[in-house]
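Have a look at query-v8.cif; it's mmCIF, C-alpha atoms:
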```cif
data_run
loop_
_atom_site.group_PDB
_atom_site.id
_atom_site.type_symbol
_atom_site.label_atom_id
_atom_site.label_comp_id
_atom_site.auth_asym_id
_atom_site.auth_seq_id
_atom_site.Cartn_x
_atom_site.Cartn_y
_atom_site.Cartn_z
ATOM 1 C CA MET A 45 176.192 179.184 48.185
ATOM 2 C CA SER A 46 173.787 179.106 51.121
ATOM 3 C CA GLN A 47 173.961 176.621 53.977
ATOM 4 C CA TYR A 48 171.075 174.652 52.450
ATOM 5 C CA GLN A 49 172.642 174.400 49.010
ATOM 6 C CA THR A 50 175.956 173.137 50.376
ATOM 7 C CA MET A 51 174.090 170.589 52.489
ATOM 8 C CA ILE A 52 172.061 169.159 49.594
ATOM 9 C CA ALA A 53 175.162 168.980 47.385
ATOM 10 C CA ARG A 54 176.984 167.072 50.124
ATOM 11 C CA GLU A 55 174.096 164.642 50.608
ATOM 12 C CA ARG A 56 173.820 163.937 46.874
ATOM 13 C CA LYS A 57 177.556 163.306 46.740
ATOM 14 C CA TRP A 58 177.364 160.745 49.568
ATOM 15 C CA MET A 59 174.381 159.029 47.943
ATOM 16 C CA PHE A 60 176.322 158.719 44.681
ATOM 17 C CA TYR A 61 179.266 157.202 46.572
ATOM 18 C CA LEU A 62 176.923 154.728 48.263
ATOM 19 C CA LEU A 63 175.290 153.754 44.961
ATOM 20 C CA ALA A 64 178.721 153.192 43.427
ATOM 21 C CA ILE A 65 179.699 150.897 46.317
ATOM 22 C CA LEU A 66 176.459 148.935 45.941
ATOM 23 C CA VAL A 67 177.000 148.519 42.186
ATOM 24 C CA LEU A 68 180.495 147.185 42.912
ATOM 25 C CA GLY A 69 179.012 144.824 45.510
ATOM 26 C CA ALA A 70 176.411 143.540 43.039
ATOM 27 C CA GLY A 71 179.070 143.049 40.369
ATOM 28 C CA PHE A 72 181.885 141.437 42.343
ATOM 29 C CA THR A 73 180.367 139.566 45.304
ATOM 30 C CA PRO A 74 178.297 136.356 45.398
ATOM 31 C CA TYR A 75 175.440 138.109 47.281
ATOM 32 C CA LEU A 76 173.736 139.358 44.112
ATOM 33 C CA ARG A 77 170.163 139.222 45.438
ATOM 34 C CA ILE A 78 170.949 141.263 48.548
ATOM 35 C CA PHE A 79 172.954 143.894 46.677
ATOM 36 C CA LEU A 80 170.291 144.208 43.951
ATOM 37 C CA GLY A 81 167.698 144.756 46.694
ATOM 38 C CA LEU A 82 169.890 147.374 48.353
ATOM 39 C CA LEU A 83 170.439 149.005 44.965
ATOM 40 C CA LEU A 84 166.714 149.160 44.164
ATOM 41 C CA GLY A 85 165.944 150.611 47.591
ATOM 42 C CA SER A 86 168.782 153.130 47.371
ATOM 43 C CA VAL A 87 167.753 154.336 43.896
ATOM 44 C CA VAL A 88 164.201 154.982 45.088
ATOM 45 C CA SER A 89 165.576 156.554 48.254
ATOM 46 C CA PHE A 90 167.767 158.857 46.163
ATOM 47 C CA TYR A 91 164.736 159.869 44.099
ATOM 48 C CA ASN A 92 162.884 160.611 47.351
ATOM 49 C CA LEU A 93 165.826 162.665 48.606
ATOM 50 C CA TYR A 94 165.961 164.672 45.370
ATOM 51 C CA LEU A 95 162.204 165.284 45.494
ATOM 52 C CA LEU A 96 162.335 166.347 49.147
ATOM 53 C CA GLN A 97 165.206 168.768 48.455
ATOM 54 C CA LYS A 98 163.435 170.251 45.439
ATOM 55 C CA LYS A 99 160.075 170.609 47.187
ATOM 56 C CA THR A 100 161.655 172.139 50.298
ATOM 57 C CA LYS A 101 163.395 174.719 48.100
ATOM 58 C CA ASP A 102 160.172 175.433 46.172
ATOM 59 C CA VAL A 103 158.052 175.878 49.317
ATOM 60 C CA THR A 104 160.522 178.159 51.090
ATOM 61 C CA GLU A 105 161.199 180.301 47.988
ATOM 62 C CA ALA A 106 157.458 180.673 47.441
ATOM 63 C CA ALA A 107 157.033 181.676 51.096
ATOM 64 C CA GLY A 108 159.687 184.365 50.670
ATOM 65 C CA GLN A 109 157.953 185.771 47.585
ATOM 66 C CA GLY A 110 154.423 185.497 48.998
ATOM 67 C CA LYS A 111 153.304 182.873 46.473
ATOM 68 C CA SER A 112 151.578 179.559 47.156
ATOM 69 C CA VAL A 113 152.612 176.008 46.211
ATOM 70 C CA ARG A 114 150.704 172.751 46.001
ATOM 71 C CA GLY A 115 151.915 170.419 48.745
ATOM 72 C CA ILE A 116 155.367 169.120 49.544
ATOM 73 C CA GLY A 117 155.200 165.911 47.515
ATOM 74 C CA THR A 118 154.503 163.411 50.289
ATOM 75 C CA LEU A 119 152.197 161.359 48.077
ATOM 76 C CA SER A 120 154.795 161.079 45.297
ATOM 77 C CA ARG A 121 157.373 159.802 47.756
ATOM 78 C CA LEU A 122 154.982 157.256 49.262
ATOM 79 C CA ALA A 123 154.012 156.101 45.754
ATOM 80 C CA ALA A 124 157.680 155.656 44.818
ATOM 81 C CA VAL A 125 158.239 153.534 47.927
ATOM 82 C CA ALA A 126 155.130 151.475 47.149
ATOM 83 C CA LEU A 127 156.409 150.907 43.606
ATOM 84 C CA ALA A 128 159.773 149.692 44.928
ATOM 85 C CA VAL A 129 158.097 147.274 47.338
ATOM 86 C CA VAL A 130 155.741 145.969 44.634
ATOM 87 C CA ILE A 131 158.703 145.380 42.282
ATOM 88 C CA ALA A 132 160.587 143.596 45.073
ATOM 89 C CA LEU A 133 157.596 141.385 45.894
ATOM 90 C CA ARG A 134 156.858 140.626 42.231
ATOM 91 C CA TYR A 135 160.453 139.722 41.318
ATOM 92 C CA GLU A 136 161.376 137.981 44.533
ATOM 93 C CA ASP A 137 164.009 135.845 42.780
ATOM 94 C CA TYR A 138 166.089 138.933 42.021
ATOM 95 C CA PHE A 139 165.474 141.244 45.002
ATOM 96 C CA HIS A 140 165.750 140.492 48.721
ATOM 97 C CA ILE A 141 162.805 142.287 50.332
ATOM 98 C CA ILE A 142 164.553 143.134 53.639
ATOM 99 C CA ALA A 143 167.493 144.541 51.657
ATOM 100 C CA VAL A 144 165.051 146.743 49.725
ATOM 101 C CA VAL A 145 163.622 148.078 53.001
ATOM 102 C CA ILE A 146 167.122 148.786 54.339
ATOM 103 C CA GLY A 147 167.985 150.454 51.010
ATOM 104 C CA LEU A 148 164.916 152.683 51.273
ATOM 105 C CA MET A 149 166.244 154.069 54.566
ATOM 106 C CA THR A 150 169.716 154.986 53.276
ATOM 107 C CA SER A 151 168.896 158.592 52.385
ATOM 108 C CA TYR A 152 167.565 159.176 55.903
ATOM 109 C CA LEU A 153 170.737 157.689 57.354
ATOM 110 C CA VAL A 154 172.762 159.987 55.088
ATOM 111 C CA ILE A 155 170.698 163.010 56.202
ATOM 112 C CA MET A 156 171.123 162.193 59.902
ATOM 113 C CA ILE A 157 174.821 161.311 59.760
ATOM 114 C CA ASP A 158 175.557 164.412 57.658
ATOM 115 C CA PHE A 159 173.624 166.588 60.109
ATOM 116 C CA PHE A 160 175.395 165.212 63.188
ATOM 117 C CA VAL A 161 178.845 165.340 61.572
ATOM 118 C CA HIS A 162 178.266 168.883 60.391
ATOM 119 C CA GLU A 163 176.878 169.991 63.767
ATOM 120 C CA SER A 164 179.827 168.495 65.644
ATOM 121 C CA LYS A 165 182.263 170.446 63.421
ATOM 122 C CA LYS A 166 180.700 173.809 64.411
ATOM 123 C CA MET B 94 141.872 140.754 56.955
ATOM 124 C CA GLY B 95 145.298 141.546 55.498
ATOM 125 C CA ILE B 96 143.876 144.390 53.421
ATOM 126 C CA LEU B 97 142.176 145.841 56.505
ATOM 127 C CA ALA B 98 145.427 145.673 58.460
ATOM 128 C CA ALA B 99 147.283 147.369 55.600
ATOM 129 C CA ALA B 100 144.680 150.122 55.347
ATOM 130 C CA ILE B 101 144.776 150.827 59.081
ATOM 131 C CA ALA B 102 148.602 150.874 59.130
ATOM 132 C CA VAL B 103 148.920 153.278 56.203
ATOM 133 C CA GLY B 104 146.001 155.438 57.320
ATOM 134 C CA LEU B 105 147.208 155.991 60.876
ATOM 135 C CA ALA B 106 150.789 156.619 59.760
ATOM 136 C CA ALA B 107 149.588 159.078 57.113
ATOM 137 C CA VAL B 108 147.544 160.976 59.721
ATOM 138 C CA GLY B 109 150.601 161.244 61.988
ATOM 139 C CA GLY B 110 152.897 162.239 59.138
ATOM 140 C CA GLY B 111 150.396 164.779 57.842
ATOM 141 C CA ILE B 112 150.043 166.502 61.207
ATOM 142 C CA GLY B 113 153.816 166.557 61.719
ATOM 143 C CA ASN B 114 154.560 167.868 58.240
ATOM 144 C CA GLY B 115 151.832 170.484 58.551
ATOM 145 C CA ILE B 116 153.271 171.868 61.772
ATOM 146 C CA ILE B 117 156.830 171.933 60.380
ATOM 147 C CA VAL B 118 155.892 173.633 57.102
ATOM 148 C CA SER B 119 153.589 176.199 58.716
ATOM 149 C CA ARG B 120 156.237 177.231 61.252
ATOM 150 C CA THR B 121 158.914 177.442 58.552
ATOM 151 C CA VAL B 122 156.754 179.586 56.281
ATOM 152 C CA GLU B 123 155.910 181.813 59.238
ATOM 153 C CA GLY B 124 159.577 182.158 60.133
ATOM 154 C CA ILE B 125 160.652 183.002 56.576
ATOM 155 C CA ALA B 126 157.856 185.559 56.240
ATOM 156 C CA ARG B 127 159.072 187.265 59.428
ATOM 157 C CA GLN B 128 162.827 187.004 58.849
ATOM 158 C CA PRO B 129 163.705 186.349 55.188
ATOM 159 C CA GLU B 130 167.436 186.614 55.961
ATOM 160 C CA LEU B 131 167.249 183.331 57.928
ATOM 161 C CA LYS B 132 165.924 181.425 54.905
ATOM 162 C CA GLY B 133 168.985 179.169 54.533
ATOM 163 C CA GLN B 134 168.891 177.959 58.136
ATOM 164 C CA LEU B 135 165.120 177.510 58.154
ATOM 165 C CA GLN B 136 165.301 175.525 54.890
ATOM 166 C CA THR B 137 167.844 173.190 56.473
ATOM 167 C CA VAL B 138 165.753 172.660 59.599
ATOM 168 C CA MET B 139 162.596 172.087 57.544
ATOM 169 C CA PHE B 140 164.357 169.614 55.251
ATOM 170 C CA ILE B 141 165.684 167.513 58.135
ATOM 171 C CA GLY B 142 162.381 167.727 60.011
ATOM 172 C CA VAL B 143 160.227 166.681 57.065
ATOM 173 C CA GLY B 144 162.697 163.913 56.221
ATOM 174 C CA LEU B 145 162.568 162.443 59.705
ATOM 175 C CA VAL B 146 158.788 162.763 60.002
ATOM 176 C CA GLU B 147 158.276 160.938 56.715
ATOM 177 C CA VAL B 148 160.202 157.858 57.785
ATOM 178 C CA MET B 149 157.175 156.561 59.697
ATOM 179 C CA PRO B 150 154.620 156.653 56.809
ATOM 180 C CA ILE B 151 157.217 155.113 54.489
ATOM 181 C CA ILE B 152 157.825 152.208 56.866
ATOM 182 C CA ALA B 153 154.044 151.854 57.212
ATOM 183 C CA VAL B 154 153.623 151.621 53.414
ATOM 184 C CA VAL B 155 156.329 148.953 53.258
ATOM 185 C CA ILE B 156 154.751 146.926 56.083
ATOM 186 C CA ALA B 157 151.293 147.302 54.525
ATOM 187 C CA PHE B 158 152.460 145.939 51.171
ATOM 188 C CA MET B 159 154.301 143.072 52.840
ATOM 189 C CA VAL B 160 151.168 142.183 54.831
ATOM 190 C CA MET B 161 149.016 142.370 51.697
ATOM 191 C CA GLY B 162 151.451 140.164 49.773
ATOM 192 C CA GLN B 163 151.116 137.294 52.247
#
```
Full structure transcribed into structure tokens:
Amino acid sequence: MSQYQTMIARERKWMFYLLAILVLGAGFTPYLRIFLGLLLGSVVSFYNLYLLQKKTKDVTEAAGQGKSVRGIGTLSRLAAVALAVVIALRYEDYFHIIAVVIGLMTSYLVIMIDFFVHESKK
Amino acid sequence: MGILAAAIAVGLAAVGGGIGNGIIVSRTVEGIARQPELKGQLQTVMFIGVGLVEVMPIIAVVIAFMVMGQ
């Protein structure tokens, strides 16, 4: 497996762990609204992470073979974020909006922490 | 007024993100075309770069929708 493939597998694993912790938090703590918001944000963030990994792989493989691809999926990711925010604003009784925003940033935190931890091990 | 503020926020952030992403992707494609054996490393750098650049437009979209909702 290449360096990139091991990295994306690691990041997906950490996102799954995080989602599991958030589900436990929503199920067993009294802060249901906050944890549901975090969960919604994290699910959309995970989708964004998956899309970014897939598009990065597609673009670089196409570059190696001399083919062309259509974009890197920025619009899809922005639309997914917009959908999450609209859901959070529409169902404000169930989702805490600040928690949704924090949840949306989890995949970027995972990327950065994974990068720094992995770099420090070298 | 809220819609105007939202449009300006998203538009300016999208311009910045677009320029940043364009530079990252063009340099990565150039690098892979020159040295295909470095593809794994270049993929990693591109992934982290694009991820960090896209934080700003995403925050802008969130702020724009929150402003429009008020």
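Proximity of A:Lys101, A:Asp158, A:Val144, A:Leu133 to A:Ser46, computed with only C-alpha atoms, is greatest for A:Lys101.
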_Please expand the PyMOL selection byres ((chain B) within 8 of (chain A)) into the concrete residues it hits in this file, giving the result as a list in words._
Thr121, Val122, Ile125, Ala126, Pro129, Lys132, Gly133, Gln134, Gln136, Thr137, Met139, Phe140, Ile141, Gly144, Leu145, Glu147, Val148, Pro150, Ile151, Val154, Val155, Phe158, Met159 and Gly162 of chain B
*Hey, can you check how far atom CA of B:Ala100 sits from atom CA of A:Ile142?*
21.1 Å
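Shell of stretch 101-103 of chain B at 8 Å, with only C-alpha atoms counted and residues fewer than 4 places along the chain excluded, is Leu97, Ala107, Pro150, Ala153, Val154, Ile156 and Ala157 of chain B.
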_As an exercise, work out the distance from atom CA of A:Tyr91 to atom CA of B:Gly124 in Å and give it to one decimal place._
27.9 Å
Where atoms are missing, can you supply all heavy atoms for stretch 149-160 of chain B and output the lot as an mmCIF file, keeping the file's coordinate frame?
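Result written to selection-v9.cif:
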```cif
data_model
loop_
_atom_site.group_PDB
_atom_site.id
_atom_site.type_symbol
_atom_site.label_atom_id
_atom_site.label_comp_id
_atom_site.auth_asym_id
_atom_site.auth_seq_id
_atom_site.Cartn_x
_atom_site.Cartn_y
_atom_site.Cartn_z
ATOM 1 N N MET B 149 158.236 157.416 59.147
ATOM 2 C CA MET B 149 157.175 156.561 59.697
ATOM 3 C C MET B 149 156.131 156.157 58.642
ATOM 4 O O MET B 149 155.839 154.959 58.508
ATOM 5 C CB MET B 149 156.530 157.279 60.891
ATOM 6 C CG MET B 149 155.750 156.379 61.790
ATOM 7 S SD MET B 149 156.719 155.013 62.387
ATOM 8 C CE MET B 149 157.617 155.801 63.696
ATOM 9 N N PRO B 150 155.550 157.090 57.859
ATOM 10 C CA PRO B 150 154.620 156.653 56.809
ATOM 11 C C PRO B 150 155.266 155.731 55.782
ATOM 12 O O PRO B 150 154.603 154.809 55.279
ATOM 13 C CB PRO B 150 154.164 157.958 56.141
ATOM 14 C CG PRO B 150 154.449 159.021 57.090
ATOM 15 C CD PRO B 150 155.578 158.561 57.945
ATOM 16 N N ILE B 151 156.549 155.957 55.487
ATOM 17 C CA ILE B 151 157.217 155.113 54.489
ATOM 18 C C ILE B 151 157.340 153.679 55.005
ATOM 19 O O ILE B 151 157.044 152.716 54.292
ATOM 20 C CB ILE B 151 158.588 155.730 54.119
ATOM 21 C CG1 ILE B 151 158.354 156.908 53.187
ATOM 22 C CG2 ILE B 151 159.500 154.712 53.463
ATOM 23 C CD1 ILE B 151 159.565 157.693 52.847
ATOM 24 N N ILE B 152 157.745 153.553 56.268
ATOM 25 C CA ILE B 152 157.825 152.208 56.866
ATOM 26 C C ILE B 152 156.434 151.569 56.884
ATOM 27 O O ILE B 152 156.281 150.368 56.639
ATOM 28 C CB ILE B 152 158.401 152.319 58.293
ATOM 29 C CG1 ILE B 152 159.842 152.730 58.246
ATOM 30 C CG2 ILE B 152 158.249 150.999 59.039
ATOM 31 C CD1 ILE B 152 160.797 151.653 57.886
ATOM 32 N N ALA B 153 155.415 152.386 57.166
ATOM 33 C CA ALA B 153 154.044 151.854 57.212
ATOM 34 C C ALA B 153 153.618 151.338 55.841
ATOM 35 O O ALA B 153 152.976 150.285 55.744
ATOM 36 C CB ALA B 153 153.082 152.930 57.701
ATOM 37 N N VAL B 154 153.962 152.080 54.772
ATOM 38 C CA VAL B 154 153.623 151.621 53.414
ATOM 39 C C VAL B 154 154.314 150.294 53.120
ATOM 40 O O VAL B 154 153.706 149.357 52.587
ATOM 41 C CB VAL B 154 154.026 152.697 52.372
ATOM 42 C CG1 VAL B 154 153.963 152.135 50.966
ATOM 43 C CG2 VAL B 154 153.114 153.896 52.482
ATOM 44 N N VAL B 155 155.586 150.199 53.502
ATOM 45 C CA VAL B 155 156.329 148.953 53.258
ATOM 46 C C VAL B 155 155.664 147.790 53.996
ATOM 47 O O VAL B 155 155.421 146.719 53.424
ATOM 48 C CB VAL B 155 157.800 149.127 53.706
ATOM 49 C CG1 VAL B 155 158.523 147.797 53.651
ATOM 50 C CG2 VAL B 155 158.500 150.132 52.831
ATOM 51 N N ILE B 156 155.367 147.998 55.284
ATOM 52 C CA ILE B 156 154.751 146.926 56.083
ATOM 53 C C ILE B 156 153.391 146.558 55.504
ATOM 54 O O ILE B 156 153.035 145.376 55.412
ATOM 55 C CB ILE B 156 154.636 147.371 57.559
ATOM 56 C CG1 ILE B 156 156.026 147.412 58.175
ATOM 57 C CG2 ILE B 156 153.751 146.413 58.350
ATOM 58 C CD1 ILE B 156 156.061 147.991 59.556
ATOM 59 N N ALA B 157 152.623 147.573 55.082
ATOM 60 C CA ALA B 157 151.293 147.302 54.525
ATOM 61 C C ALA B 157 151.391 146.430 53.273
ATOM 62 O O ALA B 157 150.634 145.454 53.131
ATOM 63 C CB ALA B 157 150.596 148.618 54.193
ATOM 64 N N PHE B 158 152.341 146.745 52.394
ATOM 65 C CA PHE B 158 152.460 145.939 51.171
ATOM 66 C C PHE B 158 152.957 144.530 51.484
ATOM 67 O O PHE B 158 152.538 143.567 50.841
ATOM 68 C CB PHE B 158 153.380 146.635 50.163
ATOM 69 C CG PHE B 158 152.630 147.562 49.267
ATOM 70 C CD1 PHE B 158 152.411 148.870 49.622
ATOM 71 C CD2 PHE B 158 152.105 147.110 48.068
ATOM 72 C CE1 PHE B 158 151.693 149.728 48.816
ATOM 73 C CE2 PHE B 158 151.390 147.956 47.255
ATOM 74 C CZ PHE B 158 151.178 149.268 47.629
ATOM 75 N N MET B 159 153.827 144.413 52.477
ATOM 76 C CA MET B 159 154.301 143.072 52.840
ATOM 77 C C MET B 159 153.161 142.255 53.446
ATOM 78 O O MET B 159 153.047 141.052 53.181
ATOM 79 C CB MET B 159 155.477 143.184 53.810
ATOM 80 C CG MET B 159 156.752 143.620 53.122
ATOM 81 S SD MET B 159 158.037 144.097 54.246
ATOM 82 C CE MET B 159 158.631 142.525 54.760
ATOM 83 N N VAL B 160 152.315 142.893 54.240
ATOM 84 C CA VAL B 160 151.168 142.183 54.831
ATOM 85 C C VAL B 160 150.184 141.770 53.746
ATOM 86 O O VAL B 160 149.661 140.650 53.748
ATOM 87 C CB VAL B 160 150.481 143.082 55.889
ATOM 88 C CG1 VAL B 160 149.124 142.521 56.276
ATOM 89 C CG2 VAL B 160 151.344 143.203 57.108
#
```
